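Content type mmCIF, C-alpha atoms, from the file coords_0.cif:
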data_structure
loop_
_atom_site.label_atom_id
_atom_site.label_comp_id
_atom_site.auth_asym_id
_atom_site.auth_seq_id
_atom_site.Cartn_x
_atom_site.Cartn_y
_atom_site.Cartn_z
CA MET Z 1 90.80 79.04 106.27
CA SER Z 2 88.65 81.38 104.17
CA ARG Z 3 86.05 83.99 104.91
CA ARG Z 4 84.13 86.17 102.46
CA ASP Z 5 84.38 89.85 103.16
CA GLY Z 6 83.36 93.01 101.36
CA ASP Z 7 84.94 96.32 100.53
CA ALA Z 8 83.79 97.94 103.76
CA GLY Z 9 85.56 95.29 105.86
CA LEU Z 10 88.98 95.48 104.22
CA THR Z 11 91.01 98.21 105.88
CA PRO Z 12 94.77 98.79 106.08
CA GLU Z 13 94.66 98.05 109.80
CA LEU Z 14 92.90 94.74 109.17
CA LEU Z 15 95.49 93.82 106.55
CA LEU Z 16 98.35 94.43 108.98
CA ARG Z 17 96.70 92.29 111.65
CA ALA Z 18 96.10 89.55 109.10
CA TYR Z 19 99.69 89.48 107.86
CA ALA Z 20 100.96 89.44 111.44
CA ALA Z 21 98.74 86.39 112.05
CA GLY Z 22 99.97 84.60 108.93
CA ILE Z 23 96.96 85.03 106.64
CA PHE Z 24 96.44 87.13 103.53
CA PRO Z 25 93.56 88.20 101.25
CA MET Z 26 92.81 87.21 97.67
CA ALA Z 27 89.92 87.70 95.27
CA GLU Z 28 88.44 85.25 92.80
CA CYS Z 29 89.06 87.71 89.98
CA ARG Z 30 89.65 91.38 89.23
CA ASP Z 31 85.92 92.15 88.87
CA ASP Z 32 84.86 90.42 92.11
CA ASP Z 33 84.42 92.96 94.93
CA HIS Z 34 84.74 90.31 97.63
CA VAL Z 35 87.87 88.85 99.18
CA PHE Z 36 88.64 85.61 100.94
CA TRP Z 37 91.31 85.02 103.54
CA VAL Z 38 93.97 82.42 102.80
CA ASP Z 39 95.71 80.37 105.47
CA PRO Z 40 97.67 77.74 103.50
CA GLN Z 41 98.97 74.52 105.03
CA THR Z 42 102.34 75.11 103.40
CA ARG Z 43 104.05 78.42 102.72
CA GLY Z 44 106.63 79.69 100.27
CA VAL Z 45 109.55 81.61 101.76
CA MET Z 46 112.68 82.95 100.13
CA PRO Z 47 115.75 82.37 102.34
CA LEU Z 48 117.62 85.67 102.30
CA GLU Z 49 121.00 84.19 103.23
CA THR Z 50 120.96 81.52 100.51
CA PHE Z 51 119.17 83.48 97.78
CA HIS Z 52 120.42 82.15 94.45
CA VAL Z 53 120.88 84.37 91.39
CA PRO Z 54 121.33 82.49 88.10
CA ARG Z 55 124.56 83.33 86.27
CA ARG Z 56 122.89 84.97 83.27
CA LEU Z 57 120.76 87.15 85.53
CA LYS Z 58 123.83 88.23 87.49
CA LYS Z 59 125.26 89.57 84.26
CA THR Z 60 122.04 91.44 83.48
CA VAL Z 61 122.01 93.04 86.94
CA ARG Z 62 125.66 94.06 86.65
CA GLN Z 63 125.05 95.63 83.23
CA ASP Z 64 122.52 98.06 84.75
CA ARG Z 65 120.19 97.63 81.81
CA TYR Z 66 117.28 98.77 83.95
CA GLU Z 67 117.07 101.81 86.18
CA ILE Z 68 115.82 100.68 89.58
CA ARG Z 69 113.51 102.96 91.52
CA VAL Z 70 111.63 102.47 94.78
CA ASN Z 71 108.10 103.74 95.42
CA SER Z 72 108.12 106.10 92.44
CA ALA Z 73 105.10 104.48 90.74
CA PHE Z 74 103.45 102.31 93.36
CA THR Z 75 99.93 102.38 91.92
CA GLU Z 76 101.25 101.73 88.42
CA VAL Z 77 103.08 98.66 89.69
CA ILE Z 78 99.87 97.27 91.20
CA ASN Z 79 98.08 97.95 87.91
CA GLY Z 80 100.85 96.11 86.07
CA CYS Z 81 100.55 93.15 88.44
CA ALA Z 82 96.77 93.09 87.96
CA ALA Z 83 96.85 93.41 84.17
CA ARG Z 84 96.16 90.48 81.90
CA SER Z 85 99.28 89.05 80.33
CA ARG Z 86 100.52 86.00 78.49
CA GLY Z 87 99.76 83.00 80.66
CA ARG Z 88 97.58 85.03 83.05
CA ASP Z 89 94.02 85.80 82.02
CA ASP Z 90 92.96 87.27 85.34
CA THR Z 91 94.27 88.30 88.75
CA TRP Z 92 93.51 87.93 92.44
CA ILE Z 93 94.01 91.70 92.95
CA ASN Z 94 90.59 93.35 93.00
CA GLY Z 95 89.50 96.91 93.80
CA PRO Z 96 89.17 96.53 97.59
CA ILE Z 97 92.58 94.89 97.89
CA GLU Z 98 94.20 97.51 95.68
CA ARG Z 99 92.68 100.40 97.63
CA ALA Z 100 93.70 98.95 101.00
CA VAL Z 101 97.25 98.28 99.83
CA VAL Z 102 97.59 101.79 98.38
CA GLU Z 103 96.57 103.11 101.79
CA LEU Z 104 99.24 100.92 103.36
CA HIS Z 105 101.72 102.47 100.94
CA GLN Z 106 100.63 105.95 102.02
CA MET Z 107 101.11 104.84 105.64
CA GLY Z 108 104.66 103.67 104.89
CA PHE Z 109 104.10 99.89 105.03
CA ALA Z 110 103.77 98.89 101.36
CA HIS Z 111 106.59 99.38 98.86
CA SER Z 112 107.39 98.83 95.21
CA VAL Z 113 110.70 98.06 93.54
CA GLU Z 114 110.54 99.08 89.90
CA SER Z 115 112.51 98.46 86.70
CA TRP Z 116 112.56 101.35 84.22
CA LEU Z 117 113.85 101.41 80.65
CA ASP Z 118 114.11 104.60 78.59
CA GLY Z 119 111.71 106.36 80.95
CA ARG Z 120 109.12 103.57 80.87
CA LEU Z 121 108.03 101.34 83.73
CA VAL Z 122 108.68 97.83 82.35
CA GLY Z 123 108.53 95.63 85.44
CA GLY Z 124 108.56 95.46 89.17
CA LEU Z 125 107.04 94.07 92.32
CA TYR Z 126 105.33 95.21 95.47
CA GLY Z 127 104.92 93.95 98.98
CA ILE Z 128 104.32 94.87 102.59
CA ALA Z 129 107.02 95.45 105.20
CA LEU Z 130 106.10 94.77 108.80
CA ARG Z 131 108.93 94.88 111.33
CA GLY Z 132 111.42 92.19 110.24
CA ALA Z 133 109.14 90.54 107.68
CA PHE Z 134 108.47 91.43 104.07
CA PHE Z 135 105.40 89.93 102.41
CA GLY Z 136 105.95 89.77 98.66
CA GLU Z 137 102.62 90.19 96.92
CA SER Z 138 103.01 90.19 93.15
CA MET Z 139 105.31 91.09 90.26
CA PHE Z 140 105.02 91.86 86.57
CA SER Z 141 107.26 92.33 83.57
CA THR Z 142 106.93 93.62 80.03
CA GLU Z 143 110.63 93.35 79.20
CA THR Z 144 112.99 90.40 79.57
CA ASP Z 145 114.07 89.83 83.19
CA ALA Z 146 112.67 93.17 84.39
CA SER Z 147 110.80 91.66 87.34
CA LYS Z 148 113.70 89.31 88.15
CA VAL Z 149 116.11 92.23 88.37
CA ALA Z 150 113.66 94.00 90.68
CA LEU Z 151 113.56 90.87 92.87
CA VAL Z 152 117.35 90.83 93.14
CA HIS Z 153 117.34 94.46 94.22
CA LEU Z 154 114.55 93.74 96.73
CA VAL Z 155 116.54 90.93 98.34
CA ALA Z 156 119.66 93.12 98.41
CA ARG Z 157 117.77 95.84 100.27
CA LEU Z 158 116.15 93.41 102.69
CA LYS Z 159 119.51 91.88 103.56
CA TRP Z 160 121.04 95.34 103.91
CA ALA Z 161 118.30 96.32 106.37
CA ARG Z 162 118.59 92.98 108.23
CA PHE Z 163 115.10 91.70 107.50
CA ARG Z 164 114.52 88.16 108.75
CA LEU Z 165 111.77 86.85 106.49
CA LEU Z 166 110.74 87.19 102.84
CA ASP Z 167 107.32 85.58 102.44
CA THR Z 168 106.43 84.60 98.87
CA GLN Z 169 103.11 82.99 99.90
CA PHE Z 170 103.35 80.21 97.33
CA VAL Z 171 106.08 78.31 95.50
CA THR Z 172 106.18 78.86 91.74
CA ASP Z 173 108.49 77.63 88.99
CA HIS Z 174 109.58 81.25 88.54
CA LEU Z 175 110.71 81.46 92.19
CA LYS Z 176 112.25 77.98 92.40
CA ARG Z 177 115.27 79.10 90.41
CA PHE Z 178 116.03 81.59 93.19
CA GLY Z 179 115.91 78.96 95.94
CA VAL Z 180 112.41 79.46 97.35
CA GLU Z 181 111.44 76.90 99.98
CA GLU Z 182 108.09 75.39 100.87
CA ILE Z 183 107.64 74.95 104.61
CA PRO Z 184 104.75 73.77 106.83
CA ALA Z 185 102.46 76.43 108.25
CA ARG Z 186 103.67 75.65 111.77
CA VAL Z 187 107.28 76.36 110.84
CA TYR Z 188 106.26 79.48 108.94
CA LEU Z 189 104.43 80.89 111.96
CA GLU Z 190 107.50 80.30 114.12
CA ARG Z 191 109.68 82.20 111.62
CA LEU Z 192 107.09 84.95 111.34
CA GLU Z 193 106.91 85.35 115.11
CA GLU Z 194 110.69 85.65 115.28
CA ALA Z 195 110.81 88.17 112.40
CA LEU Z 196 108.18 90.37 114.04
CA LYS Z 197 110.39 90.75 117.11
CA HIS Z 198 112.82 92.86 115.07
CA GLN Z 199 112.19 96.46 114.13
CA CYS Z 200 113.53 96.85 110.60
CA GLN Z 201 113.17 99.82 108.29
CA PHE Z 202 112.71 99.24 104.58
CA PRO Z 203 115.49 101.24 102.86
CA LEU Z 204 113.89 103.77 100.56
CA ALA Z 205 116.92 105.86 99.63
CA MET Z 206 120.39 104.35 99.32
CA ILE Z 207 123.49 106.11 98.06
CA PRO Z 208 125.24 104.39 95.12
CA GLN Z 209 127.98 102.95 97.34
CA GLU Z 210 125.38 101.35 99.62
CA THR Z 211 123.45 99.92 96.68
CA GLU Z 212 126.62 98.46 95.20
CA ALA Z 213 127.63 96.90 98.52
CA ALA Z 214 124.13 95.47 99.04
CA LEU Z 215 124.13 93.95 95.55
CA ASP Z 216 127.62 92.51 96.04
CA ALA Z 217 126.34 90.67 99.11
CA VAL Z 218 123.71 88.99 96.93
CA LEU Z 219 125.61 88.49 93.67
CA ASP Z 220 129.05 87.37 94.88
#

Using structure tokens, write down the structure from this file.
Amino acid sequence: MSRRDGDAGLTPELLLRAYAAGIFPMAECRDDDHVFWVDPQTRGVMPLETFHVPRRLKKTVRQDRYEIRVNSAFTEVINGCAARSRGRDDTWINGPIERAVVELHQMGFAHSVESWLDGRLVGGLYGIALRGAFFGESMFSTETDASKVALVHLVARLKWARFRLLDTQFVTDHLKRFGVEEIPARVYLERLEEALKHQCQFPLAMIPQETEAALDAVLD
């Protein structure tokens, strides 16, 4: 399913309704002001209970090489995800999508998990939390494993808050190493419907003991 839409039609409220119905927006490129709605026949989901962290990455997470922050630089994370990088000449995140998602962030629905090194933002991800579902949108990294460490911390927080679904939209080689699954749209919609029955709160502030316990549940 796809439908062209313009800036005026893309609102935070429309985005929430779309995610709740199992569809999401994309743009052809950064400079295209239109969006199209995507309703894929198969969907990527990251099972929270069987999330796999490679051994080397576990060591990196335990070493605390990166300082992890939440929502401290949301717009900068989106800009990092939209920036050209090695292997990615363009992005599906255009102006209308970025503006609508920033509004969702201001409304308390969209969140970023960020990796910082020596006071610099060097990687992270962002997504949208709706009841018991988290829709992972995009990630970026300018330092080794920075986005992967952010993903581990995201999963730890989602498990801690008892989220039911982590939607990755598509299956990529990058996500396969963590155990992402590809499921039919019908099965995805069933899981989404179940996740939306639960009222979960994305954890913004966690004391060190909570963070350690949440990470242990993912890394052990």

As a check of understanding, name the residues that the PyMOL selection byres ((chain Z and resi 52) around 7) selects in the supplied structure, as an mmCIF file with C-alpha atoms, in the frame of the given file.
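Produced file out_23.cif, reproduced below:
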data_model
loop_
_atom_site.group_PDB
_atom_site.id
_atom_site.type_symbol
_atom_site.label_atom_id
_atom_site.label_comp_id
_atom_site.auth_asym_id
_atom_site.auth_seq_id
_atom_site.Cartn_x
_atom_site.Cartn_y
_atom_site.Cartn_z
ATOM 1 C CA THR Z 50 120.960 81.520 100.510
ATOM 2 C CA PHE Z 51 119.170 83.480 97.780
ATOM 3 C CA VAL Z 53 120.880 84.370 91.390
ATOM 4 C CA PRO Z 54 121.330 82.490 88.100
ATOM 5 C CA PHE Z 178 116.030 81.590 93.190
ATOM 6 C CA GLY Z 179 115.910 78.960 95.940
#

Q: Can you work out which one of Z:Glu182, Z:Asp32, Z:Trp116, Z:Leu154 has the shortest atom-to-atom distance to Val218 in chain Z, counting all atoms listed in the file?
A: Z:Leu154

Q: May I ask which of the residues Z:Asp33, Z:Asp220, Z:Glu103, Z:Glu212 is the closest one to Leu14 in chain Z, counting all atoms listed in the file?
A: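 For Leu14 in chain Z, the nearest of the given residues is Z:Glu103.
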
Q. For Asn79 in chain Z, which residue out of Z:Asp145, Z:Glu210, Z:Glu67, Z:Glu98 is the nearest one, using all atoms listed in the file?
A.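 Of the candidates, the smallest distance to Asn79 in chain Z is held by Z:Glu98.
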
Specify as a tab-separated table (two decimals) with C-alpha atoms, keeping the file's coordinate frame each residue included when the PyMOL selection byres ((chain Z and resi 16) around 12) is applied to this file.
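Output below, filename selection.tsv:
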chain	number	residue	atom	x	y	z
Z	10	LEU	CA	88.98	95.48	104.22
Z	11	THR	CA	91.01	98.21	105.88
Z	12	PRO	CA	94.77	98.79	106.08
Z	13	GLU	CA	94.66	98.05	109.80
Z	14	LEU	CA	92.90	94.74	109.17
Z	15	LEU	CA	95.49	93.82	106.55
Z	17	ARG	CA	96.70	92.29	111.65
Z	18	ALA	CA	96.10	89.55	109.10
Z	19	TYR	CA	99.69	89.48	107.86
Z	20	ALA	CA	100.96	89.44	111.44
Z	21	ALA	CA	98.74	86.39	112.05
Z	22	GLY	CA	99.97	84.60	108.93
Z	23	ILE	CA	96.96	85.03	106.64
Z	24	PHE	CA	96.44	87.13	103.53
Z	25	PRO	CA	93.56	88.20	101.25
Z	100	ALA	CA	93.70	98.95	101.00
Z	101	VAL	CA	97.25	98.28	99.83
Z	103	GLU	CA	96.57	103.11	101.79
Z	104	LEU	CA	99.24	100.92	103.36
Z	105	HIS	CA	101.72	102.47	100.94
Z	107	MET	CA	101.11	104.84	105.64
Z	108	GLY	CA	104.66	103.67	104.89
Z	109	PHE	CA	104.10	99.89	105.03
Z	110	ALA	CA	103.77	98.89	101.36
Z	127	GLY	CA	104.92	93.95	98.98
Z	128	ILE	CA	104.32	94.87	102.59
Z	129	ALA	CA	107.02	95.45	105.20
Z	130	LEU	CA	106.10	94.77	108.80
Z	131	ARG	CA	108.93	94.88	111.33
Z	133	ALA	CA	109.14	90.54	107.68
Z	134	PHE	CA	108.47	91.43	104.07
Z	135	PHE	CA	105.40	89.93	102.41
Z	196	LEU	CA	108.18	90.37	114.04

Q. Between Z:Thr75, Z:Glu137, Z:Arg177, Z:Asp64, which has the minimum distance to Ser115 in chain Z (counting all atoms listed in the file)?
A.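 Under the stated criterion, the closest residue is Z:Asp64.
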
(Q) Translate the PyMOL selection byres ((chain Z and resi 166) around 7) into a concrete residue list for this structure, as a PyMOL selection string. (A) chain Z and resi 45-47+133-136+165+167-168

**Q.** Counting all atoms listed in the file, the residue of Z:Val77, Z:Trp160, Z:Gln169, Z:Gln209 that sits nearest Glu181 in chain Z
**A.**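 Ranking Z:Val77, Z:Trp160, Z:Gln169, Z:Gln209 by distance to Glu181 in chain Z, first place goes to Z:Gln169.
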
Q. Suppose you want the space between CA of Thr42 in chain Z and CA of Met139 in chain Z; what is it in Å?
A. 20.9 Å

Q) Using only C-alpha atoms, which of Z:Lys176, Z:Ala82, Z:Val187, Z:Phe202 sits nearest Val113 in chain Z? A)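 Using only C-alpha atoms, the shortest distance to Val113 in chain Z belongs to Z:Phe202.
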
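Near Ala156 in chain Z, within 9 Å and counting only C-alpha atoms, sit Leu48, Leu151, Ala161, Thr211, Ala213, Ala214, Leu215, Asp216, Ala217, Val218 and Leu219 of chain Z, not including residues fewer than 5 positions from it in the same chain.
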
**Q.** CA of Phe36 in chain Z to CA of Ile97 in chain Z, straight-line distance in Å
**A.** 10.5 Å

Q) How far is it from CA of His153 in chain Z to CA of Leu125 in chain Z, in Å with one decimal? A)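 Taking CA of His153 in chain Z as the start and CA of Leu125 in chain Z as the end point, the length is 10.5 Å.
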
Q | Near-Cys29 in chain Z list (9 Å; only C-alpha atoms; drop same-chain fewer than 3 positions) as a PyMOL selection string | A | chain Z and resi 26+32-33+90-94
